[in-house]
>>> print(open('structure30.cif').read())   # mmCIF, N, CA and C atoms
data_run
#
loop_
_atom_site.label_atom_id
_atom_site.label_comp_id
_atom_site.auth_asym_id
_atom_site.auth_seq_id
_atom_site.Cartn_x
_atom_site.Cartn_y
_atom_site.Cartn_z
N MET A 1 -15.05 -20.68 1.49
CA MET A 1 -14.62 -20.56 0.11
C MET A 1 -13.18 -20.04 0.08
N ASP A 2 -12.29 -20.76 -0.57
CA ASP A 2 -10.88 -20.39 -0.62
C ASP A 2 -10.63 -19.50 -1.83
N MET A 3 -10.08 -18.33 -1.58
CA MET A 3 -9.78 -17.40 -2.66
C MET A 3 -8.50 -17.84 -3.36
N ASP A 4 -8.47 -17.69 -4.67
CA ASP A 4 -7.28 -18.03 -5.46
C ASP A 4 -6.08 -17.27 -4.91
N ALA A 5 -5.01 -17.98 -4.56
CA ALA A 5 -3.82 -17.38 -3.94
C ALA A 5 -3.17 -16.34 -4.84
N SER A 6 -3.36 -16.41 -6.15
CA SER A 6 -2.74 -15.44 -7.05
C SER A 6 -3.33 -14.05 -6.89
N PHE A 7 -4.51 -13.93 -6.28
CA PHE A 7 -5.15 -12.64 -6.09
C PHE A 7 -4.98 -12.09 -4.68
N ARG A 8 -4.34 -12.84 -3.82
CA ARG A 8 -4.14 -12.38 -2.44
C ARG A 8 -3.05 -11.33 -2.40
N SER A 9 -3.18 -10.42 -1.44
CA SER A 9 -2.16 -9.40 -1.28
C SER A 9 -2.02 -9.08 0.21
N ALA A 10 -0.78 -8.95 0.65
CA ALA A 10 -0.52 -8.60 2.04
C ALA A 10 -0.82 -7.11 2.24
N ILE A 11 -1.48 -6.78 3.32
CA ILE A 11 -1.78 -5.39 3.64
C ILE A 11 -0.58 -4.84 4.40
N VAL A 12 0.05 -3.80 3.84
CA VAL A 12 1.31 -3.29 4.40
C VAL A 12 1.28 -1.78 4.52
N ASN A 13 2.15 -1.27 5.39
CA ASN A 13 2.47 0.15 5.43
C ASN A 13 3.96 0.27 5.09
N GLY A 14 4.55 1.42 5.25
CA GLY A 14 5.95 1.60 4.89
C GLY A 14 6.90 0.74 5.70
N GLU A 15 6.62 0.55 6.97
CA GLU A 15 7.49 -0.24 7.84
C GLU A 15 7.43 -1.73 7.50
N THR A 16 6.26 -2.23 7.18
CA THR A 16 6.11 -3.67 6.96
C THR A 16 6.33 -4.10 5.50
N LEU A 17 6.47 -3.16 4.59
CA LEU A 17 6.68 -3.49 3.18
C LEU A 17 7.90 -4.40 2.99
N LYS A 18 8.95 -4.17 3.76
CA LYS A 18 10.19 -4.94 3.63
C LYS A 18 10.00 -6.43 3.89
N MET A 19 8.95 -6.80 4.58
CA MET A 19 8.69 -8.20 4.89
C MET A 19 8.07 -8.95 3.71
N PHE A 20 7.68 -8.21 2.66
CA PHE A 20 6.93 -8.82 1.56
C PHE A 20 7.55 -8.53 0.19
N VAL A 21 8.85 -8.27 0.14
CA VAL A 21 9.53 -8.00 -1.13
C VAL A 21 9.34 -9.21 -2.06
N GLY A 22 8.96 -8.91 -3.30
CA GLY A 22 8.72 -9.95 -4.29
C GLY A 22 7.31 -10.52 -4.27
N GLN A 23 6.49 -10.04 -3.34
CA GLN A 23 5.13 -10.54 -3.20
C GLN A 23 4.11 -9.45 -3.53
N ARG A 24 2.87 -9.87 -3.77
CA ARG A 24 1.79 -8.90 -4.02
C ARG A 24 1.41 -8.25 -2.69
N VAL A 25 1.32 -6.93 -2.72
CA VAL A 25 0.97 -6.16 -1.52
C VAL A 25 -0.14 -5.17 -1.84
N ARG A 26 -0.74 -4.68 -0.79
CA ARG A 26 -1.78 -3.65 -0.87
C ARG A 26 -1.42 -2.61 0.19
N THR A 27 -1.37 -1.35 -0.23
CA THR A 27 -1.07 -0.29 0.73
C THR A 27 -1.85 0.96 0.37
N VAL A 28 -1.80 1.91 1.27
CA VAL A 28 -2.40 3.23 1.04
C VAL A 28 -1.31 4.25 1.30
N LEU A 29 -1.20 5.22 0.39
CA LEU A 29 -0.23 6.30 0.58
C LEU A 29 -0.84 7.62 0.17
N LYS A 30 -0.22 8.69 0.64
CA LYS A 30 -0.66 10.04 0.28
C LYS A 30 0.22 10.54 -0.85
N PHE A 31 -0.43 10.85 -1.97
CA PHE A 31 0.29 11.32 -3.15
C PHE A 31 1.06 12.60 -2.83
N GLN A 32 2.33 12.66 -3.29
CA GLN A 32 3.14 13.86 -3.14
C GLN A 32 3.46 14.48 -4.49
N HIS A 33 4.07 13.69 -5.39
CA HIS A 33 4.41 14.20 -6.72
C HIS A 33 4.84 13.04 -7.62
N THR A 34 5.04 13.35 -8.88
CA THR A 34 5.63 12.37 -9.78
C THR A 34 7.02 12.85 -10.15
N GLN A 35 7.89 11.88 -10.38
CA GLN A 35 9.28 12.20 -10.70
C GLN A 35 9.75 11.17 -11.72
N GLY A 36 10.00 11.62 -12.94
CA GLY A 36 10.47 10.72 -13.99
C GLY A 36 9.50 9.59 -14.28
N GLY A 37 8.20 9.87 -14.22
CA GLY A 37 7.20 8.86 -14.50
C GLY A 37 6.89 7.93 -13.33
N VAL A 38 7.51 8.20 -12.19
CA VAL A 38 7.29 7.39 -10.99
C VAL A 38 6.52 8.23 -9.97
N LEU A 39 5.48 7.65 -9.40
CA LEU A 39 4.71 8.34 -8.38
C LEU A 39 5.44 8.25 -7.05
N VAL A 40 5.54 9.35 -6.35
CA VAL A 40 6.17 9.40 -5.03
C VAL A 40 5.10 9.77 -4.02
N GLY A 41 5.03 9.00 -2.94
CA GLY A 41 4.03 9.28 -1.92
C GLY A 41 4.53 8.92 -0.55
N GLN A 42 3.75 9.33 0.45
CA GLN A 42 4.10 9.04 1.84
C GLN A 42 3.14 7.99 2.37
N SER A 43 3.72 6.91 2.91
CA SER A 43 2.89 5.85 3.48
C SER A 43 2.16 6.40 4.71
N THR A 44 1.18 5.66 5.16
CA THR A 44 0.39 6.11 6.30
C THR A 44 1.19 6.18 7.59
N ASP A 45 2.37 5.55 7.61
CA ASP A 45 3.23 5.64 8.80
C ASP A 45 4.47 6.51 8.54
N GLY A 46 4.44 7.34 7.48
CA GLY A 46 5.47 8.35 7.28
C GLY A 46 6.65 7.98 6.40
N HIS A 47 6.69 6.81 5.80
CA HIS A 47 7.79 6.41 4.93
C HIS A 47 7.54 6.90 3.50
N GLN A 48 8.60 7.32 2.82
CA GLN A 48 8.46 7.71 1.42
C GLN A 48 8.54 6.46 0.55
N LEU A 49 7.55 6.29 -0.32
CA LEU A 49 7.50 5.14 -1.22
C LEU A 49 7.43 5.61 -2.66
N THR A 50 7.99 4.82 -3.57
CA THR A 50 7.86 5.11 -5.00
C THR A 50 7.01 4.00 -5.62
N ILE A 51 6.16 4.42 -6.55
CA ILE A 51 5.23 3.50 -7.19
C ILE A 51 5.44 3.59 -8.69
N ARG A 52 5.89 2.50 -9.28
CA ARG A 52 6.08 2.43 -10.73
C ARG A 52 4.80 1.93 -11.38
N GLY A 53 4.46 2.53 -12.51
CA GLY A 53 3.28 2.08 -13.25
C GLY A 53 1.97 2.59 -12.70
N ALA A 54 2.03 3.57 -11.81
CA ALA A 54 0.80 4.12 -11.22
C ALA A 54 0.25 5.24 -12.10
N SER A 55 -1.05 5.36 -12.08
CA SER A 55 -1.66 6.49 -12.77
C SER A 55 -1.36 7.77 -11.97
N GLU A 56 -1.48 8.88 -12.61
CA GLU A 56 -1.23 10.17 -11.97
C GLU A 56 -2.16 10.36 -10.77
N GLY A 57 -1.63 10.81 -9.67
CA GLY A 57 -2.44 11.07 -8.48
C GLY A 57 -2.79 12.54 -8.38
N ARG A 58 -3.62 12.86 -7.42
CA ARG A 58 -3.98 14.24 -7.14
C ARG A 58 -3.35 14.64 -5.82
N GLU A 59 -2.81 15.83 -5.77
CA GLU A 59 -2.10 16.31 -4.59
C GLU A 59 -2.95 16.16 -3.33
N SER A 60 -2.34 15.64 -2.29
CA SER A 60 -2.93 15.42 -0.97
C SER A 60 -4.01 14.35 -0.95
N HIS A 61 -4.18 13.61 -2.03
CA HIS A 61 -5.15 12.52 -2.03
C HIS A 61 -4.46 11.21 -1.62
N TYR A 62 -5.22 10.38 -0.94
CA TYR A 62 -4.74 9.05 -0.60
C TYR A 62 -5.04 8.10 -1.76
N LEU A 63 -4.10 7.21 -2.03
CA LEU A 63 -4.26 6.21 -3.09
C LEU A 63 -4.07 4.83 -2.51
N GLU A 64 -4.95 3.90 -2.88
CA GLU A 64 -4.72 2.50 -2.58
C GLU A 64 -3.93 1.94 -3.76
N VAL A 65 -2.85 1.25 -3.46
CA VAL A 65 -2.00 0.66 -4.50
C VAL A 65 -1.91 -0.84 -4.25
N ILE A 66 -2.16 -1.61 -5.30
CA ILE A 66 -1.97 -3.06 -5.25
C ILE A 66 -0.93 -3.40 -6.31
N GLY A 67 0.10 -4.14 -5.91
CA GLY A 67 1.15 -4.49 -6.86
C GLY A 67 2.20 -5.37 -6.20
N ILE A 68 3.33 -5.49 -6.86
CA ILE A 68 4.43 -6.32 -6.37
C ILE A 68 5.48 -5.43 -5.70
N ALA A 69 5.86 -5.79 -4.47
CA ALA A 69 6.89 -5.04 -3.75
C ALA A 69 8.24 -5.31 -4.40
N ASP A 70 8.84 -4.27 -5.00
CA ASP A 70 10.15 -4.39 -5.64
C ASP A 70 11.27 -4.45 -4.60
N ASN A 71 11.13 -3.62 -3.59
CA ASN A 71 12.09 -3.56 -2.48
C ASN A 71 11.38 -2.92 -1.30
N ASP A 72 12.12 -2.50 -0.28
CA ASP A 72 11.47 -1.97 0.92
C ASP A 72 10.92 -0.55 0.76
N GLN A 73 11.09 0.05 -0.44
CA GLN A 73 10.59 1.41 -0.66
C GLN A 73 9.87 1.57 -1.99
N SER A 74 9.65 0.48 -2.72
CA SER A 74 9.10 0.60 -4.06
C SER A 74 8.13 -0.53 -4.39
N ILE A 75 7.06 -0.16 -5.11
CA ILE A 75 6.05 -1.13 -5.55
C ILE A 75 5.81 -0.93 -7.04
N SER A 76 5.71 -2.01 -7.78
CA SER A 76 5.27 -1.96 -9.18
C SER A 76 3.76 -2.15 -9.16
N ALA A 77 3.04 -1.10 -9.49
CA ALA A 77 1.58 -1.09 -9.36
C ALA A 77 0.90 -1.94 -10.41
N GLU A 78 -0.12 -2.64 -9.98
CA GLU A 78 -1.04 -3.33 -10.87
C GLU A 78 -2.33 -2.53 -10.97
N THR A 79 -2.79 -2.00 -9.84
CA THR A 79 -3.97 -1.14 -9.81
C THR A 79 -3.78 -0.04 -8.77
N CYS A 80 -4.44 1.07 -9.02
CA CYS A 80 -4.46 2.20 -8.07
C CYS A 80 -5.89 2.72 -7.99
N LYS A 81 -6.28 3.11 -6.80
CA LYS A 81 -7.61 3.67 -6.60
C LYS A 81 -7.49 4.92 -5.73
N ASP A 82 -8.10 6.00 -6.18
CA ASP A 82 -8.08 7.27 -5.45
C ASP A 82 -9.07 7.19 -4.29
N PHE A 83 -8.58 7.41 -3.07
CA PHE A 83 -9.42 7.42 -1.87
C PHE A 83 -9.75 8.84 -1.44
N ASP A 84 -9.53 9.83 -2.31
CA ASP A 84 -9.79 11.23 -2.02
C ASP A 84 -8.85 11.69 -0.90
N ASP A 85 -9.21 12.73 -0.17
CA ASP A 85 -8.31 13.26 0.86
C ASP A 85 -8.77 12.91 2.27
N ASN A 86 -9.81 12.09 2.39
CA ASN A 86 -10.35 11.74 3.69
C ASN A 86 -10.11 10.25 3.95
N PHE A 87 -9.05 9.95 4.70
CA PHE A 87 -8.68 8.56 4.99
C PHE A 87 -8.09 8.49 6.38
N ASP A 88 -8.45 7.46 7.13
CA ASP A 88 -7.96 7.30 8.50
C ASP A 88 -6.66 6.49 8.51
N ALA A 89 -5.53 7.19 8.45
CA ALA A 89 -4.21 6.55 8.39
C ALA A 89 -3.92 5.75 9.66
N ASP A 90 -4.35 6.23 10.80
CA ASP A 90 -4.11 5.52 12.06
C ASP A 90 -4.83 4.17 12.08
N ALA A 91 -6.04 4.13 11.60
CA ALA A 91 -6.79 2.88 11.55
C ALA A 91 -6.11 1.89 10.60
N PHE A 92 -5.63 2.39 9.46
CA PHE A 92 -4.94 1.53 8.50
C PHE A 92 -3.66 0.96 9.11
N ASN A 93 -2.90 1.78 9.83
CA ASN A 93 -1.69 1.29 10.48
C ASN A 93 -2.00 0.24 11.53
N GLY A 94 -3.10 0.42 12.25
CA GLY A 94 -3.53 -0.59 13.22
C GLY A 94 -3.85 -1.91 12.53
N LEU A 95 -4.49 -1.83 11.38
CA LEU A 95 -4.80 -3.03 10.61
C LEU A 95 -3.52 -3.71 10.15
N CYS A 96 -2.53 -2.94 9.70
CA CYS A 96 -1.24 -3.51 9.27
C CYS A 96 -0.58 -4.26 10.42
N LYS A 97 -0.64 -3.72 11.62
CA LYS A 97 -0.05 -4.38 12.79
C LYS A 97 -0.76 -5.69 13.10
N LEU A 98 -2.08 -5.70 12.97
CA LEU A 98 -2.83 -6.93 13.21
C LEU A 98 -2.45 -8.01 12.20
N VAL A 99 -2.31 -7.61 10.95
CA VAL A 99 -1.96 -8.56 9.89
C VAL A 99 -0.58 -9.15 10.14
N VAL A 100 0.41 -8.29 10.42
CA VAL A 100 1.78 -8.76 10.64
C VAL A 100 1.86 -9.66 11.87
N ASN A 101 1.08 -9.37 12.89
CA ASN A 101 1.10 -10.18 14.10
C ASN A 101 0.25 -11.45 13.98
N GLY A 102 -0.33 -11.66 12.81
CA GLY A 102 -1.09 -12.88 12.56
C GLY A 102 -2.50 -12.90 13.13
N LYS A 103 -2.98 -11.77 13.64
CA LYS A 103 -4.31 -11.73 14.26
C LYS A 103 -5.43 -11.90 13.24
N VAL A 104 -5.25 -11.34 12.02
CA VAL A 104 -6.31 -11.41 11.01
C VAL A 104 -5.77 -11.89 9.67
N LYS A 105 -4.65 -12.51 9.66
CA LYS A 105 -3.98 -12.94 8.43
C LYS A 105 -4.88 -13.81 7.56
N GLU A 106 -5.55 -14.75 8.15
CA GLU A 106 -6.39 -15.68 7.39
C GLU A 106 -7.51 -14.95 6.64
N VAL A 107 -8.02 -13.90 7.21
CA VAL A 107 -9.16 -13.19 6.63
C VAL A 107 -8.73 -12.22 5.55
N LEU A 108 -7.62 -11.53 5.72
CA LEU A 108 -7.28 -10.42 4.86
C LEU A 108 -6.22 -10.69 3.80
N LEU A 109 -5.50 -11.76 3.87
CA LEU A 109 -4.47 -12.03 2.87
C LEU A 109 -5.01 -12.86 1.75
#
>>> encode(input="structure30.cif", output="C-alpha cells")
Amino acid sequence: MDMDASFRSAIVNGETLKMFVGQRVRTVLKFQHTQGGVLVGQSTDGHQLTIRGASEGRESHYLEVIGIADNDQSISAETCKDFDDNFDADAFNGLCKLVVNGKVKEVLL
C-alpha cells in the first residue's frame, strides 16, 4: 500500500536537517525555552533548533515535531507531541543515519 506522498516526512536530527530544507521533516528535540513565541530546543545530536508554531513545551521534555524545514536550524511545526523526559536519543540518531544512508528510506519516509 503506497502512502500519500503529501504525508511523508524525512526523519532528521540537527545534522541532517540541512538536507531537507523546504521539505516535510520529523524530528525529536529536548525543549529548552521559548523566545519571542518560538520554541528553542536541542536536537538529539546536540544542535540548537528553533520551532515556529509549536505549542509550549515542558522543561527537559522531549518533543516530536513534524513540519517544514525552513532552513538548517528551523522548522515550521505542523504538529508536536510530548514524549515526556524518557527518550533514547542515541537510538533516534542511529535511525537518522540509516535513513540518510538509504538503508530504511522506503519504509520510513
>>> select_by_dssp(input="structure30.cif", residues="region 8-102 of chain A", states="alpha helix (DSSP H)", output="number ranges by chain")
A: 89-100
>>> write_last_selection(input="structure30.cif", atoms="N, CA and C atoms", output="compact mmCIF listing (two decimals), in the frame of the given file")
# COMPACT_ATOMS: atom_id res chain seq x y z
N ALA A 89 -5.53 7.19 8.45
CA ALA A 89 -4.21 6.55 8.39
C ALA A 89 -3.92 5.75 9.66
N ASP A 90 -4.35 6.23 10.80
CA ASP A 90 -4.11 5.52 12.06
C ASP A 90 -4.83 4.17 12.08
N ALA A 91 -6.04 4.13 11.60
CA ALA A 91 -6.79 2.88 11.55
C ALA A 91 -6.11 1.89 10.60
N PHE A 92 -5.63 2.39 9.46
CA PHE A 92 -4.94 1.53 8.50
C PHE A 92 -3.66 0.96 9.11
N ASN A 93 -2.90 1.78 9.83
CA ASN A 93 -1.69 1.29 10.48
C ASN A 93 -2.00 0.24 11.53
N GLY A 94 -3.10 0.42 12.25
CA GLY A 94 -3.53 -0.59 13.22
C GLY A 94 -3.85 -1.91 12.53
N LEU A 95 -4.49 -1.83 11.38
CA LEU A 95 -4.80 -3.03 10.61
C LEU A 95 -3.52 -3.71 10.15
N CYS A 96 -2.53 -2.94 9.70
CA CYS A 96 -1.24 -3.51 9.27
C CYS A 96 -0.58 -4.26 10.42
N LYS A 97 -0.64 -3.72 11.62
CA LYS A 97 -0.05 -4.38 12.79
C LYS A 97 -0.76 -5.69 13.10
N LEU A 98 -2.08 -5.70 12.97
CA LEU A 98 -2.83 -6.93 13.21
C LEU A 98 -2.45 -8.01 12.20
N VAL A 99 -2.31 -7.61 10.95
CA VAL A 99 -1.96 -8.56 9.89
C VAL A 99 -0.58 -9.15 10.14
N VAL A 100 0.41 -8.29 10.42
CA VAL A 100 1.78 -8.76 10.64
C VAL A 100 1.86 -9.66 11.87
>>> resolve_selection(input="structure30.cif", expression="the PyMOL selection byres ((chain A and resi 50-61) around 7)", output="PyMOL selection string")
chain A and resi 29-33+37-41+48-49+62-63+73-80+82-86
>>> atom_distance(input="structure30.cif", atom1="CA of His47 (chain A)", atom2="CA of Asn13 (chain A)")
8.2 Å
>>> residues_near_point(input="structure30.cif", point="(6.0, -10.4, -1.5)", cutoff="8 Å", atoms="all atoms listed in the file", output="list in words")
Ala10, Leu17, Lys18, Met19, Phe20, Val21, Gly22, Gln23, Arg24, Val25, Gly67, Ile68, Ala69 and Asp70 of chain A
>>> atom_distance(input="structure30.cif", atom1="atom N of Glu64 (chain A)", atom2="CA of Asp88 (chain A)")
12.3 Å
>>> atom_distance(input="structure30.cif", atom1="CA of Val100 (chain A)", atom2="CA of Thr34 (chain A)")
29.6 Å
>>> closest_residue(input="structure30.cif", among="A:Thr44, A:Thr16, A:Asn101, A:Ser9", to="Phe87 (chain A)", atoms="only C-alpha atoms")
A:Thr44
>>> select_by_dssp(input="structure30.cif", residues="chain A", states="strand (DSSP E or B)", output="MDAnalysis selection string")
chainID A and resid 10:11 24:35 38:43 48:52 62:71 74:82
